[in-house]
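Following: one structure in structure tokens, then a few remarks.
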Amino acid sequence: MKKWILLVSIIIIVFLIYQFNKDTKIDFLNISDTEIPYTETILDYYKKQNQLKIYNNSFSKPDYRITDLYLDIENNKTITVKNKNQSINNSLIKSEIITISIGNTDLYYKMNFYDVNEMYNYIDELCKDYDKLLEKIRLVTKEKIIIYGYTTSDLKNKQLINYYNERLKMLCEKYNINFLPIDKFTNKNLINWLNKWQLHK
């Protein structure tokens with residue numbers, strides 16, 4: 001009987017120690033080629049809940065293409081932040097939440113010069129690149145990822161953007177990644193999506 005009580009006591013103590021030392025705060029990695037206001041909303045969401053440990057935006061850069069990010073992961077690109085080396089693969093592994101928005105500049109630039117048929121072909125090629133990228137990322141990390149969709153205020157290009165978003169959403173489903181549509185309802189629904197996706201430790 002005494003042994004049984006001792007065993008139960010040890011289990012309870014170990015459990016309490018684990019709960020006390022359990023890290024519930026998140027590392028948040030953002031990779032983008034442009035400033036996305038919704039990233040700030042996500043940041044504020046976790047700050048208000050005192051759940052944000054680290055926000056890493058160091059790998060973001062203007063004109064970042066899908067193929068650029070693929071190659072950076074393939075080559076495990078390393079940068080220096082505050083005199084410390086930081087590799088992109090290690091950042092992907094350590095981060096509980098990852099947001100990605102890339103290829104914007106290239107996409108919208110092409111829309112000014114390509115006709116509709118050329119744009120559909122171009123978007124199909126982008127989706128092939130995105131498929132390879134997401135497959136590569138999933139080999140590195142199984143953590144929660146949010147991919148931002150694309151948007152346009154130009155009615156002429158709206159159908160093209162809708163086509164791209166539908167293709168991208170299907171790719172996200174394939175790799176168990178959360179797709180965030182960017183439209184007039186995004187800001188209103190963003191917190192609901194975050195809760196639905198259960199982006200917590």
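FYI, nothing fancy with the structure tokens labels: chains A, B, ... in order, residues from 1 per chain, ligands from 1 as they appear.
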Subject >> Per-residue DSSP, stretch 13-145 of chain A, filtered to helix (DSSP H, G or I), as a PyMOL selection string >> reply: chain A and resi 13-21+37-48+66-74+88-94+104-111+116-140
Can you check which parts of stretch 170-197 of chain A lie within 7 Å of stretch 149-166 of chain A? Per residue, the shortest pair of atoms and distance in Å to one decimal, counting only C-alpha atoms, sorted by chain and number, as CSV.
residue,atom,partner,partner_atom,distance
A:Met170,CA,A:Glu166,CA,6.4
A:Phe179,CA,A:Gly149,CA,6.8
A:Leu180,CA,A:Gly149,CA,5.7
A:Pro181,CA,A:Gly149,CA,4.9
A:Ile182,CA,A:Gly149,CA,5.6
A:Asp183,CA,A:Thr151,CA,6.8
Using DSSP on the backbone, list every residue of chain A that comes out as strand (DSSP E or B), and give them as a PDB file with C-alpha atoms, in the first residue's frame.
ATOM      1  CA  ILE A  26       5.083  30.642 -29.356  1.00  0.00           C
ATOM      2  CA  ASP A  27       7.822  31.490 -31.835  1.00  0.00           C
ATOM      3  CA  PHE A  28       6.272  33.285 -34.814  1.00  0.00           C
ATOM      4  CA  LEU A  29       8.092  33.306 -38.175  1.00  0.00           C
ATOM      5  CA  ASN A  30       6.916  35.591 -40.973  1.00  0.00           C
ATOM      6  CA  ILE A  31       8.308  35.262 -44.516  1.00  0.00           C
ATOM      7  CA  SER A  32       7.003  37.828 -46.980  1.00  0.00           C
ATOM      8  CA  LEU A  52       4.266  35.526 -27.956  1.00  0.00           C
ATOM      9  CA  LYS A  53       7.883  34.604 -27.226  1.00  0.00           C
ATOM     10  CA  ILE A  54       9.732  35.524 -30.446  1.00  0.00           C
ATOM     11  CA  TYR A  55       8.696  37.254 -33.663  1.00  0.00           C
ATOM     12  CA  ASN A  56      11.112  36.599 -36.545  1.00  0.00           C
ATOM     13  CA  THR A  78      21.965  31.517 -43.040  1.00  0.00           C
ATOM     14  CA  ILE A  79      21.784  35.154 -41.962  1.00  0.00           C
ATOM     15  CA  THR A  80      23.291  37.064 -39.035  1.00  0.00           C
ATOM     16  CA  VAL A  81      20.868  38.548 -36.505  1.00  0.00           C
ATOM     17  CA  LYS A  84      24.246  35.318 -34.178  1.00  0.00           C
ATOM     18  CA  ASN A  85      23.942  33.010 -37.170  1.00  0.00           C
ATOM     19  CA  GLN A  86      20.396  31.939 -37.930  1.00  0.00           C
ATOM     20  CA  SER A  87      19.491  29.389 -40.613  1.00  0.00           C
ATOM     21  CA  ILE A  97       3.441  29.558 -36.340  1.00  0.00           C
ATOM     22  CA  ILE A  98       4.698  30.459 -39.810  1.00  0.00           C
ATOM     23  CA  THR A  99       3.062  32.979 -42.141  1.00  0.00           C
ATOM     24  CA  ILE A 100       4.052  33.198 -45.803  1.00  0.00           C
ATOM     25  CA  SER A 101       3.221  35.786 -48.463  1.00  0.00           C
ATOM     26  CA  LYS A 144       1.126  25.430 -38.161  1.00  0.00           C
ATOM     27  CA  ILE A 145       1.479  27.453 -41.367  1.00  0.00           C
ATOM     28  CA  ILE A 146      -0.682  30.229 -42.795  1.00  0.00           C
ATOM     29  CA  ILE A 147      -0.433  31.093 -46.487  1.00  0.00           C
ATOM     30  CA  TYR A 148      -1.849  34.495 -47.447  1.00  0.00           C
ATOM     31  CA  ASN A 178      -4.118  27.087 -43.469  1.00  0.00           C
ATOM     32  CA  PHE A 179      -5.088  29.366 -46.362  1.00  0.00           C
ATOM     33  CA  LEU A 180      -6.078  32.939 -45.502  1.00  0.00           C
TER      34      LEU A 180
END
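Excluding A:Val140 itself and any same-chain residue fewer than 2 positions from it, the protein and nucleic acid residues within 10 Å of it, counting only C-alpha atoms, are Ile73, Asn89, Asn90, Ser91, Leu92, Ile93, Leu134, Glu135, Lys136, Ile137, Arg138, Lys142 and Glu143 of chain A.
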Original post:
A:Arg167, A:Lys196, A:Arg65, A:Lys47: which is nearest A:Asp106, counting only C-alpha atoms?
Top reply: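 Of the candidates, the smallest distance to A:Asp106 is held by A:Arg65.
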Original post:
Between atom CA of A:Lys132 and atom CA of A:Glu74, what is the spacing in Å?
Top reply: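 Pair atom CA of A:Glu74 / atom CA of A:Lys132 returns 11.1 Å.
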